[in-house]
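J.: The structure is given below, and queries will be raised subsequently.
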Amino acid sequence: MTASRTAGVPRQKGGPSASPSQIVAFVTFMLPIGALLLFWEGVVRFGLADATILPAPSMIVVRAWELLNPAKAERSLLLVHIGVSLWRALAAFVLACLVAIPLGFVLGLSTGTYRALSPLLSLLLPLPAVAWTPIFLVAFGQGDLTIIGVCFLGAFFPVLYSTIQGVRGIGVHAIWVVQSMGAGPLDLFRRVLLPGALPALISGLKLGMAHSWRTLVAAEMLAALSYGLGYMIFAARSYMDVSTMFVGIVCLAVIGLLIEHVIFGTLEKMTVARWHSSGKVRGTR
Amino acid sequence: MSADLAKVLPMNARSKPKIVAKGIQKSFGNVLAMEDVTLSIQEREFVAIIGPSGCGKSTFLYLIAGFEKPSGGELTINGNAITGPGPDRGVVFQEFVLFPWLTVLRNITLGLDIQGVKREEAEARALKWIRLTGLSGFENAYPSTLSGGMKQRVAIARALTYDPEVLLLDEPFGALDVQTKNYMIRDLQDLWQEANRTIVMITHSVSEAVHMADRVVVLSSRPSRVIADVRIDVPHPRDRRNPTMHRYEDEITAILSAEVDKAMSLERQIR
């Protein structure tokens, strides 16, 4: 009752402590997940599913705890796998951004170049980056270079495409307005092109990181030598260790979710969402 | 003071030509949009340019702004050829073109920010135009929270704050509903007097042109030429019910209708 009443009141500023409406949102988010876990546990416990193929959530938690090895955190196998995977996905993502964002601005601004390259883009954008893995394996062998290379391609095209769309969506009048104020190329970029492309750019970054993370698993299965979540899942099949595979899957899902919501969610709240919500109370007066 | 003088003195006595267009031609591909536009706009004169839709009125404004280049003819400001956009000419577009990531105040001070004016000074200079456009109290709002009329006030204040010699208005009320538009025209009457600079306004509304401008220039349909140049000899502030203004409106509407009829019948013949 109190929760729903306060939830209706627009908050001026998001403080660090969780508000009742945030708690409600969290509970609504967790409820279906909790229900699924309970159902799953029940199905395995009552013998409706084969535990050697579908282990119960409780068994997965126990296995995760063993792998995590919290007593000796510095030698925690699970943390090493997670760390290596995160490093590869992030390195690929950052490299992809470093190339794709500047290229996206060039292609977004130059209609001629865009026309020339757009058929190539339309061909490469929907292509799953994993398809390149065997070729990279032949070229570079197993290891980080191949994995990061494949993830780079996974992240590259969504970031490039979104940057181009963002820049092209700005419209010539916005550019004219600052040019008639005497803006040079640097001001134009800093004050109009960058902030103007930002909403599309952020969704591109989100998509790029998600693609990098997804591509990573497959690339690690094929090309990793010793570590990484994809490697962990794939290696566990030799021992029929289904619980470890599920631990890997859960880690992939949870980390993917955290990256999307915590990192990019915060980025969006700081920029795009702010332009369209705050000041509303005052502006409609 | 000088604004009052300008109201009293006859047009030809008060100033020198600010913008001069001689035989301006403009073609897009093989379509000739402008054939021969010749026009002289005096310093501190408010000129409205009107014409049938698609006649290239806005293109003419973009040529003055320096966003586009004429295909032929001569276009000068203060006797110098226009080569590109510059801070001596401020532009207001029909679709406002505000920057959603800047507050109202930051949108308005943008021109001064770009010119490297200190923030306090920029805000102080913006204050006058914020007040005159009726935006006081909205300084910290983001554009997405404003109505269309308010957005256009921001765009007008933004163009005036960096103090251009010429203000170019591209159908400034074209995107607003009729009530808002009429209210804005009445409400901003003093603003143009206070701004006291050369203003060129593109419009498709005769009453808007007659109500606001010192002079109304009528362009023909494409390829455009100047077909009429009417001085509106009614002192500001003007009253909508003034019978002299109705006579001007009727005169210009007649010229414009004849031109539209001609263009339409020509179009039908081609089909």
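Ligands are numbered from 1 in the order shown, residues from 1 within each chain, and chains are lettered A, B, ... in the order they appear in the structure tokens.
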Report the closest atom pair, with its distance in Å rounded to one decimal, for each residue of chain A that has an atom no farther than 12 Å from chain B; count only C-alpha atoms, sort by chain and then rising residue number, and write it as a Markdown table.
T.:
```
| residue | atom | partner | partner_atom | distance |
| --- | --- | --- | --- | --- |
| A:Ile170 | CA | B:Val97 | CA | 10.0 |
| A:Gly171 | CA | B:Val97 | CA | 9.2 |
| A:Val172 | CA | B:Phe67 | CA | 9.7 |
| A:His173 | CA | B:Val97 | CA | 6.7 |
| A:Ala174 | CA | B:Val97 | CA | 5.8 |
| A:Ile175 | CA | B:Val97 | CA | 9.5 |
| A:Trp176 | CA | B:Phe67 | CA | 6.9 |
| A:Val177 | CA | B:Val91 | CA | 6.7 |
| A:Val178 | CA | B:Gly111 | CA | 7.2 |
| A:Gln179 | CA | B:Pro85 | CA | 6.0 |
| A:Ser180 | CA | B:Gly86 | CA | 4.6 |
| A:Met181 | CA | B:Pro87 | CA | 4.6 |
| A:Gly182 | CA | B:Pro87 | CA | 5.1 |
| A:Ala183 | CA | B:Ile114 | CA | 6.2 |
| A:Gly184 | CA | B:Ile114 | CA | 8.9 |
| A:Pro185 | CA | B:Ile114 | CA | 11.4 |
| A:Leu186 | CA | B:Ile114 | CA | 10.3 |
| A:Asp187 | CA | B:Ile114 | CA | 7.0 |
| A:Leu188 | CA | B:Ile114 | CA | 9.4 |
| A:Phe189 | CA | B:Ile114 | CA | 12.0 |
| A:Arg190 | CA | B:Ile114 | CA | 10.5 |
| A:Arg191 | CA | B:Ile114 | CA | 8.9 |
| A:Val192 | CA | B:Phe99 | CA | 7.8 |
| A:Leu193 | CA | B:Phe99 | CA | 10.8 |
| A:Leu194 | CA | B:Trp101 | CA | 10.8 |
| A:Pro195 | CA | B:Trp101 | CA | 7.0 |
| A:Gly196 | CA | B:Phe99 | CA | 8.0 |
| A:Ala197 | CA | B:Trp101 | CA | 11.0 |
| A:Leu198 | CA | B:Trp101 | CA | 9.8 |
| A:Pro199 | CA | B:Trp101 | CA | 10.4 |
| A:Met270 | CA | B:Trp101 | CA | 11.0 |
| A:Thr271 | CA | B:Trp101 | CA | 7.8 |
| A:Val272 | CA | B:Trp101 | CA | 7.6 |
| A:Ala273 | CA | B:Trp101 | CA | 9.9 |
| A:Arg274 | CA | B:Trp101 | CA | 8.2 |
| A:Trp275 | CA | B:Trp101 | CA | 5.3 |
| A:His276 | CA | B:Ser144 | CA | 5.8 |
| A:Ser277 | CA | B:Thr145 | CA | 7.7 |
| A:Ser278 | CA | B:Tyr142 | CA | 7.3 |
| A:Gly279 | CA | B:Ala141 | CA | 4.6 |
| A:Lys280 | CA | B:Thr145 | CA | 5.5 |
| A:Val281 | CA | B:Ala141 | CA | 8.7 |
| A:Arg282 | CA | B:Ala141 | CA | 6.5 |
| A:Gly283 | CA | B:Ala141 | CA | 5.3 |
| A:Thr284 | CA | B:Thr145 | CA | 6.5 |
| A:Arg285 | CA | B:Phe138 | CA | 9.0 |
```
J.: Just the residues within 12 Å of Thr52 of chain A, please, counting only C-alpha atoms, with nothing from its chain fewer than 2 positions along; format it as a PyMOL selection string.
T.: chain A and resi 44+47+49-50+54-56+59-60+237+239-246
J.: Based on the selection just made, write N, CA and C atoms of those residues as a tab-separated table (two decimals), in the first residue's frame.
T.:
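Listing of again.tsv after writing:
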```
chain	number	residue	atom	x	y	z
A	44	VAL	N	13.34	-32.30	-10.53
A	44	VAL	CA	14.49	-33.20	-10.38
A	44	VAL	C	14.34	-34.06	-9.11
A	47	GLY	N	12.13	-37.00	-9.31
A	47	GLY	CA	12.57	-37.99	-10.28
A	47	GLY	C	11.93	-37.85	-11.65
A	49	ALA	N	12.97	-35.77	-13.89
A	49	ALA	CA	14.05	-35.51	-14.85
A	49	ALA	C	15.31	-36.23	-14.39
A	50	ASP	N	16.13	-36.61	-15.33
A	50	ASP	CA	17.35	-37.33	-15.03
A	50	ASP	C	18.41	-36.36	-14.51
A	54	LEU	N	19.98	-33.13	-16.25
A	54	LEU	CA	19.47	-31.86	-15.71
A	54	LEU	C	19.63	-31.85	-14.20
A	55	PRO	N	20.77	-31.36	-13.69
A	55	PRO	CA	20.94	-31.33	-12.24
A	55	PRO	C	20.03	-30.28	-11.61
A	56	ALA	N	19.65	-30.52	-10.37
A	56	ALA	CA	18.79	-29.56	-9.67
A	56	ALA	C	19.56	-28.28	-9.36
A	59	MET	N	22.10	-28.55	-6.68
A	59	MET	CA	23.35	-29.24	-7.04
A	59	MET	C	24.29	-28.27	-7.77
A	60	ILE	N	23.70	-27.40	-8.59
A	60	ILE	CA	24.52	-26.43	-9.34
A	60	ILE	C	25.17	-25.44	-8.36
A	237	ARG	N	32.44	-31.53	-20.49
A	237	ARG	CA	31.72	-32.61	-21.17
A	237	ARG	C	32.54	-33.90	-21.17
A	239	TYR	N	34.05	-35.18	-18.77
A	239	TYR	CA	33.81	-35.91	-17.53
A	239	TYR	C	32.32	-36.06	-17.26
A	240	MET	N	31.50	-35.75	-18.23
A	240	MET	CA	30.05	-35.78	-18.06
A	240	MET	C	29.62	-34.93	-16.86
A	241	ASP	N	30.40	-33.87	-16.60
A	241	ASP	CA	30.17	-33.03	-15.43
A	241	ASP	C	29.12	-31.96	-15.76
A	242	VAL	N	27.87	-32.39	-15.79
A	242	VAL	CA	26.80	-31.48	-16.21
A	242	VAL	C	26.65	-30.29	-15.26
A	243	SER	N	26.86	-30.50	-13.99
A	243	SER	CA	26.72	-29.41	-13.01
A	243	SER	C	27.67	-28.27	-13.34
A	244	THR	N	28.91	-28.59	-13.68
A	244	THR	CA	29.87	-27.55	-14.04
A	244	THR	C	29.42	-26.79	-15.29
A	245	MET	N	28.87	-27.54	-16.24
A	245	MET	CA	28.36	-26.87	-17.45
A	245	MET	C	27.28	-25.85	-17.08
A	246	PHE	N	26.38	-26.27	-16.16
A	246	PHE	CA	25.33	-25.34	-15.76
A	246	PHE	C	25.88	-24.15	-14.98
```
J.: Could you pull out the residues in segment 55-265 of chain B that DSSP calls strand (DSSP E) from the backbone, as number ranges by chain?
T.: B: 72-77, 80-81, 89-92, 166-170, 198-203, 215-219, 224-231
J.: Env of Leu191 of chain B: 8 Å cut, atoms = only C-alpha atoms, seq-sep filter 4 positions within chain, self excluded. Answer as a PyMOL selection string.
T.: chain B and resi 132-133+195
J.: Could you dump the residues just selected with N, CA, C and O atoms as a PDB file, in the first residue's frame?
T.:
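Result file again-v8.pdb:
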```
ATOM      1  N   LEU B 132      12.517  38.715 -22.914  1.00  0.00           N
ATOM      2  CA  LEU B 132      11.708  39.230 -24.018  1.00  0.00           C
ATOM      3  C   LEU B 132      10.940  38.143 -24.774  1.00  0.00           C
ATOM      4  O   LEU B 132       9.896  38.409 -25.353  1.00  0.00           O
ATOM      5  N   THR B 133      11.484  36.921 -24.782  1.00  0.00           N
ATOM      6  CA  THR B 133      10.753  35.838 -25.450  1.00  0.00           C
ATOM      7  C   THR B 133       9.798  35.148 -24.478  1.00  0.00           C
ATOM      8  O   THR B 133       9.076  34.239 -24.862  1.00  0.00           O
ATOM      9  N   ALA B 195      14.837  44.031 -30.970  1.00  0.00           N
ATOM     10  CA  ALA B 195      16.002  43.406 -31.615  1.00  0.00           C
ATOM     11  C   ALA B 195      16.668  44.409 -32.543  1.00  0.00           C
ATOM     12  O   ALA B 195      17.882  44.462 -32.647  1.00  0.00           O
TER      13      ALA B 195
END
```
J.: Excluding Glu260 of chain A and residues on its chain fewer than 6 positions from it, collect all residues at most 12 Å away from it, counting only C-alpha atoms, and give them as a PyMOL selection string.
T.: chain A and resi 202-211+213+253-254+266-268
J.: Could you go through segment 198-285 of chain A and tell me which residues DSSP, when run on the backbone, assigns to alpha helix (DSSP H), listing them as an MDAnalysis selection string?
T.: chainID A and resid 198:223 229:236 242:258 265:270 272:277 280:283
